[in-house]
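Note: the block below is input08.cif and it holds mmCIF, C-alpha atoms.
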data_start
loop_
_atom_site.label_atom_id
_atom_site.label_comp_id
_atom_site.auth_asym_id
_atom_site.auth_seq_id
_atom_site.Cartn_x
_atom_site.Cartn_y
_atom_site.Cartn_z
CA MET A 2 0.00 0.00 0.00
CA ASN A 3 1.44 3.39 -0.85
CA GLU A 4 2.21 5.85 1.89
CA ASP A 5 -0.36 8.44 0.83
CA LEU A 6 -3.18 5.93 0.93
CA GLN A 7 -1.95 4.59 4.25
CA LYS A 8 -2.00 8.13 5.64
CA ARG A 9 -5.52 8.73 4.36
CA ILE A 10 -6.69 5.45 5.87
CA GLN A 11 -5.04 6.29 9.18
CA ALA A 12 -6.68 9.72 9.10
CA ALA A 13 -10.08 8.12 8.59
CA LEU A 14 -9.36 5.60 11.33
CA ALA A 15 -8.22 8.30 13.74
CA ASN A 16 -11.76 9.61 13.87
CA PRO A 17 -14.06 6.91 12.55
CA GLN A 18 -17.63 8.02 12.03
CA ASN A 19 -20.82 6.12 12.67
CA MET A 20 -19.39 3.02 14.28
CA GLY A 21 -21.68 0.81 16.30
CA GLU A 22 -25.23 -0.42 16.32
CA LEU A 23 -28.02 2.02 15.46
CA ALA A 24 -31.08 1.62 17.65
CA ASN A 25 -34.41 1.44 15.86
CA ALA A 26 -32.83 1.11 12.45
CA ASP A 27 -35.20 0.71 9.52
CA ALA A 28 -32.86 -1.60 7.65
CA ILE A 29 -29.94 -3.83 8.54
CA GLY A 30 -27.53 -5.45 6.11
CA THR A 31 -24.75 -7.92 6.73
CA VAL A 32 -22.19 -9.12 4.30
CA GLY A 33 -19.04 -11.16 4.35
CA ASN A 34 -17.78 -14.23 6.04
CA SER A 35 -16.87 -14.00 9.68
CA ASP A 36 -14.84 -17.20 9.42
CA CYS A 37 -12.21 -15.39 7.42
CA GLY A 38 -12.36 -12.32 9.60
CA GLU A 39 -14.19 -10.13 7.15
CA MET A 40 -17.70 -9.17 7.96
CA LEU A 41 -19.50 -5.87 7.89
CA ARG A 42 -22.92 -4.99 9.23
CA MET A 43 -24.71 -1.78 8.42
CA TRP A 44 -27.73 -0.13 10.02
CA VAL A 45 -29.76 2.47 8.16
CA LYS A 46 -32.45 4.83 9.43
CA PHE A 47 -34.62 6.87 7.10
CA LYS A 48 -36.50 10.13 7.43
CA GLN A 49 -38.92 12.08 5.28
CA GLN A 50 -37.43 15.15 3.67
CA ASP A 51 -38.99 17.25 0.94
CA GLY A 52 -41.45 14.51 0.18
CA LYS A 53 -38.72 11.92 -0.23
CA ARG A 54 -37.63 9.08 2.02
CA VAL A 55 -33.94 9.73 2.56
CA ILE A 56 -31.25 8.20 4.73
CA ASP A 57 -31.11 10.03 8.03
CA ARG A 58 -28.22 8.08 9.46
CA ALA A 59 -26.22 4.95 8.77
CA THR A 60 -23.86 3.15 11.11
CA PHE A 61 -21.69 0.07 10.83
CA GLN A 62 -19.79 -2.57 12.71
CA SER A 63 -16.82 -4.04 10.99
CA PHE A 64 -15.09 -7.32 11.47
CA GLY A 65 -12.84 -6.54 8.58
CA CYS A 66 -9.57 -4.81 7.89
CA GLU A 67 -8.78 -1.20 8.60
CA THR A 68 -9.43 -0.23 4.98
CA ALA A 69 -12.97 -1.60 5.24
CA ILE A 70 -13.48 0.40 8.44
CA ALA A 71 -12.18 3.55 6.75
CA VAL A 72 -14.37 3.04 3.68
CA ALA A 73 -17.43 2.26 5.81
CA SER A 74 -16.79 5.35 7.89
CA LEU A 75 -16.68 7.55 4.79
CA ALA A 76 -19.53 5.78 3.05
CA THR A 77 -21.94 6.13 5.96
CA GLU A 78 -21.33 9.88 5.85
CA LEU A 79 -21.63 10.00 2.08
CA ILE A 80 -25.05 8.36 1.90
CA ARG A 81 -26.72 10.70 4.39
CA GLY A 82 -29.57 12.57 2.73
CA LYS A 83 -29.67 10.21 -0.25
CA THR A 84 -32.59 8.01 -1.16
CA ALA A 85 -32.07 4.27 -1.14
CA GLU A 86 -31.92 4.30 -4.94
CA GLU A 87 -29.31 7.06 -4.98
CA ALA A 88 -27.20 5.25 -2.39
CA LEU A 89 -27.44 1.97 -4.27
CA ALA A 90 -26.29 3.70 -7.44
CA LEU A 91 -22.95 4.58 -5.84
CA LYS A 92 -20.04 2.54 -7.10
CA PRO A 93 -17.44 1.02 -4.76
CA GLU A 94 -14.86 3.59 -5.82
CA GLU A 95 -17.32 6.38 -5.01
CA LEU A 96 -18.01 4.91 -1.58
CA ALA A 97 -14.29 5.08 -0.83
CA GLY A 98 -14.63 8.87 -1.19
CA GLU A 99 -11.57 10.84 -0.25
CA LEU A 100 -9.49 7.70 0.19
CA GLY A 101 -9.20 7.81 -3.56
CA PRO A 102 -8.49 4.83 -5.79
CA LEU A 103 -7.73 1.68 -3.82
CA PRO A 104 -5.00 -0.73 -4.90
CA PRO A 105 -6.22 -4.05 -6.34
CA MET A 106 -5.57 -5.93 -3.11
CA LYS A 107 -7.87 -3.54 -1.23
CA ILE A 108 -10.74 -3.31 -3.69
CA HIS A 109 -12.56 -6.08 -1.84
CA CYS A 110 -12.76 -3.74 1.18
CA SER A 111 -14.94 -1.25 -0.66
CA GLN A 112 -16.89 -4.14 -2.17
CA LEU A 113 -17.58 -5.30 1.37
CA VAL A 114 -19.08 -1.90 2.19
CA GLU A 115 -21.08 -1.84 -1.03
CA GLY A 116 -22.34 -5.35 -0.25
CA ALA A 117 -23.48 -4.40 3.25
CA LEU A 118 -25.24 -1.34 1.89
CA ARG A 119 -26.93 -3.39 -0.81
CA SER A 120 -27.92 -5.99 1.77
CA ALA A 121 -29.53 -3.30 3.93
CA LEU A 122 -31.26 -1.33 1.20
CA SER A 123 -32.08 -4.09 -1.21
CA PRO A 124 -32.23 -7.26 0.88
CA GLN A 125 -33.44 -9.40 -1.96
CA ALA A 126 -30.30 -8.67 -3.94
CA GLU A 127 -27.30 -10.95 -4.04
CA THR A 128 -25.09 -9.79 -1.20
CA CYS A 129 -22.27 -12.24 -1.28
CA VAL A 130 -19.02 -10.47 -2.00
CA LYS A 131 -17.30 -12.37 -4.71
CA PRO A 132 -13.60 -11.68 -4.96
CA THR A 133 -12.56 -10.22 -8.25
CA GLU A 134 -9.55 -11.62 -10.00
CA SER A 135 -7.43 -8.74 -8.82
CA SER A 136 -8.65 -8.83 -5.25
CA GLN A 137 -8.85 -12.56 -4.85
CA SER A 138 -7.01 -14.14 -2.01
CA PRO A 139 -3.61 -14.96 -3.41
CA ALA A 140 -3.37 -18.36 -1.95
CA THR A 141 -5.48 -21.43 -2.35
CA SER A 142 -3.86 -22.70 0.79
CA THR A 143 -2.39 -19.94 2.86
CA ALA A 144 0.00 -20.24 5.74
CA PRO A 145 -1.74 -20.06 9.13
CA THR A 146 -2.82 -16.47 9.67
CA LEU A 147 -2.74 -14.41 12.88
CA LEU A 148 -6.48 -14.87 13.13
CA ASP A 149 -6.07 -18.63 12.91
CA SER A 150 -3.53 -18.66 15.71
CA PHE A 151 -5.86 -17.35 18.35
CA SER A 152 -9.38 -17.99 17.11
CA LYS A 153 -9.42 -21.53 15.75
CA PRO A 154 -10.68 -24.21 18.14
CA LYS A 155 -7.91 -26.37 19.54
CA GLU A 156 -7.80 -29.75 17.86
CA GLY A 157 -8.37 -32.75 20.08
CA GLY A 158 -9.83 -30.68 22.91
CA VAL A 159 -8.04 -29.16 25.85
CA LYS A 160 -6.85 -31.08 28.90
CA ILE A 161 -6.11 -28.98 31.94
CA GLN A 162 -3.93 -30.27 34.75
CA PHE A 163 -3.79 -28.09 37.84
CA LEU A 164 -0.35 -27.73 39.36
CA ASP A 165 -1.49 -27.83 42.99
CA MET B 30 7.84 -17.27 3.61
CA SER B 31 8.14 -20.42 5.70
CA ALA B 32 11.90 -19.89 5.86
CA VAL B 33 11.43 -16.25 6.85
CA LEU B 34 9.04 -17.25 9.63
CA GLU B 35 11.43 -19.89 10.85
CA VAL B 36 14.23 -17.37 11.30
CA PHE B 37 11.98 -14.51 12.46
CA PRO B 38 8.99 -15.96 14.37
CA GLY B 39 7.54 -12.48 14.86
CA ALA B 40 7.65 -11.64 11.15
CA GLN B 41 3.97 -12.23 10.52
CA ARG B 42 2.96 -9.98 13.38
CA ALA B 43 5.34 -7.28 12.21
CA MET B 44 4.08 -7.50 8.64
CA PHE B 45 0.45 -7.28 9.63
CA ARG B 46 0.95 -4.38 12.01
CA ARG B 47 2.61 -2.23 9.39
CA TYR B 48 1.58 -3.61 5.99
CA HIS B 49 -1.62 -5.52 6.71
CA ILE B 50 -0.23 -8.78 5.38
CA GLY B 51 -0.83 -12.22 6.88
CA GLY B 52 -3.68 -11.40 9.27
CA CYS B 53 -6.55 -13.25 7.67
CA SER B 54 -7.25 -15.28 4.57
CA SER B 55 -7.73 -12.17 2.45
CA CYS B 56 -4.25 -10.90 3.09
CA GLY B 57 -2.54 -14.21 3.78
CA PHE B 58 0.39 -15.67 1.93
CA GLN B 59 1.46 -19.08 0.83
CA PRO B 60 4.30 -20.77 2.72
CA THR B 61 6.03 -21.32 -0.61
CA GLU B 62 5.98 -17.66 -1.65
CA THR B 63 9.16 -15.66 -1.29
CA LEU B 64 9.23 -12.40 0.60
CA ALA B 65 9.91 -10.64 -2.69
CA GLN B 66 6.81 -12.18 -4.26
CA VAL B 67 4.65 -11.18 -1.30
CA CYS B 68 6.06 -7.63 -1.47
CA ALA B 69 5.49 -7.47 -5.23
CA ARG B 70 1.80 -8.28 -5.03
CA ASN B 71 1.24 -5.93 -2.11
CA GLY B 72 1.83 -2.66 -3.86
CA ASN B 73 5.48 -3.34 -4.70
CA LEU B 74 6.69 -2.89 -1.18
CA ASP B 75 10.39 -2.29 -0.78
CA VAL B 76 11.80 -5.71 0.14
CA ALA B 77 14.79 -4.26 1.99
CA GLU B 78 12.56 -2.02 4.06
CA VAL B 79 10.18 -4.86 4.88
CA LEU B 80 13.09 -7.09 5.85
CA SER B 81 14.52 -4.40 8.08
CA HIS B 82 11.13 -4.02 9.73
CA ILE B 83 10.91 -7.78 10.28
CA GLN B 84 14.39 -7.87 11.79
CA THR B 85 13.39 -5.37 14.44
CA SER B 86 10.05 -7.01 15.11
CA HIS B 87 11.21 -8.65 18.31
CA GLU B 88 11.86 -5.19 19.76
CA GLN B 89 8.32 -4.17 18.87
CA ASP B 90 6.96 -7.32 20.47
CA ALA B 91 8.81 -6.52 23.69
CA LYS B 92 7.15 -3.12 23.90
CA ILE B 93 3.69 -4.67 23.74
CA PHE B 94 4.03 -6.56 27.02
CA ILE B 95 2.63 -5.27 30.27
CA SER B 96 3.59 -7.08 33.48
CA ALA B 97 0.97 -8.54 35.78
CA ILE B 98 1.83 -5.99 38.47
CA GLU B 99 1.58 -3.11 35.97
CA LEU B 100 -1.75 -4.40 34.72
CA ALA B 101 -3.16 -4.62 38.23
CA GLU B 102 -2.10 -1.01 38.79
CA LEU B 103 -3.49 0.11 35.43
CA ARG B 104 -6.87 -1.43 36.21
CA LYS B 105 -7.02 0.54 39.46
CA GLN B 106 -6.35 3.77 37.59
CA ASP B 107 -8.44 3.16 34.49
CA ALA B 108 -11.76 1.37 34.72
CA THR B 109 -12.14 1.28 30.95
CA VAL B 110 -9.31 -1.22 30.47
CA ARG B 111 -10.70 -4.17 28.56
CA LEU B 112 -9.23 -7.62 29.16
CA LEU B 113 -9.64 -10.06 26.32
CA ASP B 114 -8.83 -13.69 27.02
CA VAL B 115 -7.79 -15.67 23.96
CA ARG B 116 -7.42 -19.06 25.68
CA SER B 117 -9.79 -21.93 25.09
CA ARG B 118 -13.20 -21.94 26.75
CA GLU B 119 -12.07 -24.86 28.95
CA GLU B 120 -9.13 -22.88 30.27
CA PHE B 121 -11.22 -19.75 30.72
CA GLU B 122 -13.84 -21.62 32.71
CA ALA B 123 -11.12 -23.19 34.86
CA VAL B 124 -9.51 -19.86 35.81
CA ASN B 125 -9.93 -16.31 34.64
CA ILE B 126 -9.29 -12.74 35.65
CA ALA B 127 -12.46 -11.11 36.97
CA GLY B 128 -13.93 -8.79 34.37
CA SER B 129 -12.12 -10.38 31.45
CA GLN B 130 -13.99 -11.54 28.37
CA LEU B 131 -13.44 -14.77 26.52
CA MET B 132 -12.62 -14.12 22.88
CA SER B 133 -15.46 -14.97 20.53
CA GLN B 134 -16.55 -13.58 17.22
CA ASP B 135 -19.20 -11.48 18.97
CA VAL B 136 -16.65 -10.08 21.39
CA MET B 137 -14.26 -9.37 18.53
CA ARG B 138 -16.99 -7.48 16.73
CA GLN B 139 -17.65 -5.48 19.89
CA VAL B 140 -13.99 -4.60 20.17
CA MET B 141 -13.78 -3.57 16.53
CA GLY B 142 -17.02 -1.66 16.57
CA ASP B 143 -17.32 -0.01 19.95
CA GLY B 144 -16.52 3.36 18.44
CA SER B 145 -13.11 3.79 20.02
CA ASN B 146 -9.70 2.75 18.85
CA THR B 147 -7.99 4.20 21.92
CA ARG B 148 -9.66 2.23 24.70
CA PRO B 149 -6.92 0.21 26.42
CA LEU B 150 -7.07 -3.45 25.46
CA VAL B 151 -4.99 -6.11 27.17
CA ILE B 152 -4.83 -9.57 25.66
CA VAL B 153 -4.54 -12.49 28.06
CA ASP B 154 -3.41 -15.98 27.23
CA HIS B 155 -1.85 -18.79 29.23
CA LYS B 156 1.81 -17.78 29.10
CA GLY B 157 2.02 -14.67 26.95
CA LYS B 158 2.82 -16.24 23.58
CA THR B 159 -0.36 -16.65 21.57
CA ALA B 160 -1.56 -13.26 22.74
CA LEU B 161 1.10 -11.52 20.68
CA ASP B 162 -0.62 -12.69 17.50
CA ALA B 163 -3.96 -11.41 18.74
CA ALA B 164 -2.42 -8.08 19.73
CA ALA B 165 -0.82 -7.69 16.31
CA TYR B 166 -4.14 -8.51 14.70
CA PHE B 167 -5.95 -5.77 16.60
CA MET B 168 -3.12 -3.29 16.11
CA GLY B 169 -3.20 -4.00 12.40
CA HIS B 170 -6.86 -3.03 12.48
CA GLY B 171 -6.07 0.36 13.90
CA LEU B 172 -6.47 -0.16 17.63
CA GLN B 173 -3.83 1.93 19.30
CA LYS B 174 -3.59 0.88 22.94
CA VAL B 175 -3.15 -2.86 22.74
CA ARG B 176 -0.94 -4.69 25.24
CA VAL B 177 -0.25 -8.30 26.11
CA LEU B 178 -0.14 -9.61 29.66
CA GLY B 179 3.48 -10.71 29.94
CA GLY B 180 3.68 -14.30 31.09
CA GLY B 181 -0.07 -14.61 30.62
CA ILE B 182 -2.52 -15.62 33.29
CA ASP B 183 0.17 -17.87 34.73
CA ALA B 184 2.17 -14.76 35.70
CA TRP B 185 -1.00 -13.12 37.03
CA ALA B 186 -1.57 -16.15 39.26
CA GLN B 187 1.95 -15.95 40.63
CA GLU B 188 2.30 -12.19 41.02
CA VAL B 189 -1.14 -10.69 41.61
CA GLU B 190 -3.90 -13.15 42.36
CA THR B 191 -1.94 -15.76 44.21
CA THR B 192 -5.01 -17.77 45.16
CA MET B 193 -5.66 -18.48 41.51
CA ARG B 194 -4.86 -22.05 40.56
CA ARG B 195 -2.04 -22.50 38.08
CA TYR B 196 -2.27 -25.19 35.44
CA LYS B 197 -0.57 -26.80 32.53
CA LEU B 198 -2.03 -28.22 29.37
CA GLY B 199 -1.85 -31.99 29.17
#

This entry written out as structure tokens:
Amino acid sequence: MNEDLQKRIQAALANPQNMGELANADAIGTVGNSDCGEMLRMWVKFKQQDGKRVIDRATFQSFGCETAIAVASLATELIRGKTAEEALALKPEELAGELGPLPPMKIHCSQLVEGALRSALSPQAETCVKPTESSQSPATSTAPTLLDSFSKPKEGGVKIQFLD
Amino acid sequence: MSAVLEVFPGAQRAMFRRYHIGGCSSCGFQPTETLAQVCARNGNLDVAEVLSHIQTSHEQDAKIFISAIELAELRKQDATVRLLDVRSREEFEAVNIAGSQLMSQDVMRQVMGDGSNTRPLVIVDHKGKTALDAAAYFMGHGLQKVRVLGGGIDAWAQEVETTMRRYKLG
């Protein structure tokens, strides 16, 4: 990741917006696969404004990487005041807002946000995030990840012997 | 990468903290890949710079630890300190530090999504080894005040809560 992008992501992460559950949300969307550590949930609340039903507020919880958190933070700000149709028309690169173009390996992060938004606003739509060729996991069989090391169940169970 | 990890066991943690590589399946690498190949497909990272970062990773790991005594003191001063226990459920149910939470996907989501990346988070394991991976994972996600209980709950049982039963895994 280039330094500029890293700085922009860090800036977004330094003051993330709209994190956490939104009480009384009108729509909730979840996308991703928590098994691989990437999941994003979005809550959306609408209001009536000028005869239109527009997004009053959107919040998110992320179980994904910092880029996904940064994109979700920006996207939830971006969609305020938009109708569901207008929000759904936004492309992943638009959702990333001031982060600018994301490198291929990070495109799936904005797709995750787009997927959660689509899941919330258009629940009948396909919400599974399919990796693109450029963002696909590089390995068919990766080395054990950090997540694996502390979150996978211990094989064969655990036998505890007290020392006293 | 397997050779790199053999020589520098903390390499994966170091790489995730700074470059977001190796944390989960989306940013993982194959054991057979070379460091140069991993750097090339991650935005053409400078191999020499990454290697230098890996070589100093053990120093970074050392800074993450907080001793049992220090943690006890910190908890007296700051009630917001969150203790996250990454041991197995069996171990957690056998002994745990009051107020700590057993790691689960729900708890992880809470940590990631509680709206703060500056709330102190201390990772607890049995002897202070596995917790380093968890700490690096959270740090790589932008959490800023992540520490590891040095020596794990075993040190806590010896230095702070001496009535706590110590154990070993059979």

Please tabulate, as JSON lines, the residues of chain B that come within 8 Å of chain A, each with its closest pair of atoms and the distance in Å to one decimal, counting only C-alpha atoms and ordering rows by chain, then residue number upward.
{"residue": "B:Gln41", "atom": "CA", "partner": "A:Leu147", "partner_atom": "CA", "distance": 7.4}
{"residue": "B:Arg42", "atom": "CA", "partner": "A:Leu147", "partner_atom": "CA", "distance": 7.2}
{"residue": "B:Tyr48", "atom": "CA", "partner": "A:Met2", "partner_atom": "CA", "distance": 7.2}
{"residue": "B:Gly51", "atom": "CA", "partner": "A:Thr146", "partner_atom": "CA", "distance": 5.5}
{"residue": "B:Gly52", "atom": "CA", "partner": "A:Leu147", "partner_atom": "CA", "distance": 4.8}
{"residue": "B:Cys53", "atom": "CA", "partner": "A:Thr146", "partner_atom": "CA", "distance": 5.3}
{"residue": "B:Ser54", "atom": "CA", "partner": "A:Cys37", "partner_atom": "CA", "distance": 5.7}
{"residue": "B:Ser55", "atom": "CA", "partner": "A:Ser138", "partner_atom": "CA", "distance": 4.9}
{"residue": "B:Cys56", "atom": "CA", "partner": "A:Ser138", "partner_atom": "CA", "distance": 6.6}
{"residue": "B:Gly57", "atom": "CA", "partner": "A:Thr143", "partner_atom": "CA", "distance": 5.8}
{"residue": "B:Phe58", "atom": "CA", "partner": "A:Thr143", "partner_atom": "CA", "distance": 5.2}
{"residue": "B:Gln59", "atom": "CA", "partner": "A:Thr143", "partner_atom": "CA", "distance": 4.4}
{"residue": "B:Pro60", "atom": "CA", "partner": "A:Ala144", "partner_atom": "CA", "distance": 5.3}
{"residue": "B:Arg70", "atom": "CA", "partner": "A:Met106", "partner_atom": "CA", "distance": 8.0}
{"residue": "B:Asn71", "atom": "CA", "partner": "A:Met2", "partner_atom": "CA", "distance": 6.4}
{"residue": "B:Gly72", "atom": "CA", "partner": "A:Met2", "partner_atom": "CA", "distance": 5.0}
{"residue": "B:Asn73", "atom": "CA", "partner": "A:Met2", "partner_atom": "CA", "distance": 8.0}
{"residue": "B:Leu74", "atom": "CA", "partner": "A:Met2", "partner_atom": "CA", "distance": 7.4}
{"residue": "B:Val115", "atom": "CA", "partner": "A:Phe151", "partner_atom": "CA", "distance": 6.2}
{"residue": "B:Arg116", "atom": "CA", "partner": "A:Phe151", "partner_atom": "CA", "distance": 7.7}
{"residue": "B:Ser117", "atom": "CA", "partner": "A:Lys155", "partner_atom": "CA", "distance": 7.4}
{"residue": "B:Glu119", "atom": "CA", "partner": "A:Val159", "partner_atom": "CA", "distance": 6.7}
{"residue": "B:Glu120", "atom": "CA", "partner": "A:Ile161", "partner_atom": "CA", "distance": 7.0}
{"residue": "B:Met132", "atom": "CA", "partner": "A:Ser152", "partner_atom": "CA", "distance": 7.7}
{"residue": "B:Ser133", "atom": "CA", "partner": "A:Ser152", "partner_atom": "CA", "distance": 7.6}
{"residue": "B:Gln134", "atom": "CA", "partner": "A:Ser35", "partner_atom": "CA", "distance": 7.6}
{"residue": "B:Met137", "atom": "CA", "partner": "A:Phe64", "partner_atom": "CA", "distance": 7.4}
{"residue": "B:Arg138", "atom": "CA", "partner": "A:Phe64", "partner_atom": "CA", "distance": 5.6}
{"residue": "B:Met141", "atom": "CA", "partner": "A:Ser63", "partner_atom": "CA", "distance": 6.3}
{"residue": "B:Gly142", "atom": "CA", "partner": "A:Gln62", "partner_atom": "CA", "distance": 4.8}
{"residue": "B:Asp143", "atom": "CA", "partner": "A:Gly21", "partner_atom": "CA", "distance": 5.7}
{"residue": "B:Gly144", "atom": "CA", "partner": "A:Met20", "partner_atom": "CA", "distance": 5.1}
{"residue": "B:Asn146", "atom": "CA", "partner": "A:Ala15", "partner_atom": "CA", "distance": 7.7}
{"residue": "B:Thr159", "atom": "CA", "partner": "A:Phe151", "partner_atom": "CA", "distance": 6.4}
{"residue": "B:Ala160", "atom": "CA", "partner": "A:Phe151", "partner_atom": "CA", "distance": 7.4}
{"residue": "B:Asp162", "atom": "CA", "partner": "A:Leu147", "partner_atom": "CA", "distance": 5.4}
{"residue": "B:Ala163", "atom": "CA", "partner": "A:Phe151", "partner_atom": "CA", "distance": 6.2}
{"residue": "B:Ala165", "atom": "CA", "partner": "A:Leu147", "partner_atom": "CA", "distance": 7.8}
{"residue": "B:Tyr166", "atom": "CA", "partner": "A:Leu147", "partner_atom": "CA", "distance": 6.3}
{"residue": "B:Gly169", "atom": "CA", "partner": "A:Glu67", "partner_atom": "CA", "distance": 7.3}
{"residue": "B:His170", "atom": "CA", "partner": "A:Glu67", "partner_atom": "CA", "distance": 4.7}
{"residue": "B:Gly171", "atom": "CA", "partner": "A:Glu67", "partner_atom": "CA", "distance": 6.2}
{"residue": "B:Arg194", "atom": "CA", "partner": "A:Phe163", "partner_atom": "CA", "distance": 6.7}
{"residue": "B:Arg195", "atom": "CA", "partner": "A:Leu164", "partner_atom": "CA", "distance": 5.6}
{"residue": "B:Tyr196", "atom": "CA", "partner": "A:Phe163", "partner_atom": "CA", "distance": 4.1}
{"residue": "B:Lys197", "atom": "CA", "partner": "A:Gln162", "partner_atom": "CA", "distance": 5.3}
{"residue": "B:Leu198", "atom": "CA", "partner": "A:Ile161", "partner_atom": "CA", "distance": 4.9}
{"residue": "B:Gly199", "atom": "CA", "partner": "A:Lys160", "partner_atom": "CA", "distance": 5.1}

The PyMOL selection byres ((chain A and resi 86-90) around 8) applied to the shown file, residues as an MDAnalysis selection string: chainID A and resid 80 83:85 91:92 118:119 122

Once the PyMOL selection byres ((chain B and resi 39) around 8) is applied to the coordinates I shared, what remains selected? I want it as a ChimeraX atom specification. /B:34,37-38,40-43,83,86-87,90

Distance query 12 Å from (-13.4, -11.1, 27.2) using only C-alpha atoms, result as a short mmCIF file (atom, residue, chain, number, x, y, z; two decimals) with C-alpha atoms, in the coordinates of the input:
data_model
loop_
_atom_site.label_atom_id
_atom_site.label_comp_id
_atom_site.auth_asym_id
_atom_site.auth_seq_id
_atom_site.Cartn_x
_atom_site.Cartn_y
_atom_site.Cartn_z
CA VAL B 110 -9.31 -1.22 30.47
CA ARG B 111 -10.70 -4.17 28.56
CA LEU B 112 -9.23 -7.62 29.16
CA LEU B 113 -9.64 -10.06 26.32
CA ASP B 114 -8.83 -13.69 27.02
CA VAL B 115 -7.79 -15.67 23.96
CA ARG B 116 -7.42 -19.06 25.68
CA SER B 117 -9.79 -21.93 25.09
CA ARG B 118 -13.20 -21.94 26.75
CA PHE B 121 -11.22 -19.75 30.72
CA GLU B 122 -13.84 -21.62 32.71
CA ASN B 125 -9.93 -16.31 34.64
CA ILE B 126 -9.29 -12.74 35.65
CA ALA B 127 -12.46 -11.11 36.97
CA GLY B 128 -13.93 -8.79 34.37
CA SER B 129 -12.12 -10.38 31.45
CA GLN B 130 -13.99 -11.54 28.37
CA LEU B 131 -13.44 -14.77 26.52
CA MET B 132 -12.62 -14.12 22.88
CA SER B 133 -15.46 -14.97 20.53
CA GLN B 134 -16.55 -13.58 17.22
CA ASP B 135 -19.20 -11.48 18.97
CA VAL B 136 -16.65 -10.08 21.39
CA MET B 137 -14.26 -9.37 18.53
CA ARG B 138 -16.99 -7.48 16.73
CA GLN B 139 -17.65 -5.48 19.89
CA VAL B 140 -13.99 -4.60 20.17
CA LEU B 150 -7.07 -3.45 25.46
CA VAL B 151 -4.99 -6.11 27.17
CA ILE B 152 -4.83 -9.57 25.66
CA VAL B 153 -4.54 -12.49 28.06
CA ASP B 154 -3.41 -15.98 27.23
#

Interatomic distance (Å, one decimal) between atom CA of B:Leu172 and atom CA of A:Leu100: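 For atom CA of B:Leu172 relative to atom CA of A:Leu100, the distance reads 19.4 Å.
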
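Restricting the calculation to only C-alpha atoms, the smallest distance between B:Met193 and any of B:Glu99, B:Ala123, B:Gln84, B:Thr61 is found for B:Ala123.
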
Is there a way to get, as an MDAnalysis selection string, all residues within 6 Å of the point (-31.6, 2.6, 6.4) in file coordinates, counting all atoms listed in the file? chainID A and resid 27:28 44:47 56

Could you tell me which of B:Ala91, B:Pro149, B:Met168, B:Val175 comes closest to B:Asp107 if we count only C-alpha atoms? B:Pro149

Just give me the gap between atom CA of B:His155 and atom CA of B:Leu178 in Å, one decimal is fine.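 Separation of atom CA of B:His155 and atom CA of B:Leu178: 9.3 Å.
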
If I take atom CA of A:Ala117 and atom CA of A:Thr31, how far is one from the other in Å, to one decimal?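 The value is 5.1 Å.
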
Distance criterion (only C-alpha atoms): nearest to B:Val36 out of B:Leu80, B:Asp75, B:Arg176, B:Gly181: B:Leu80
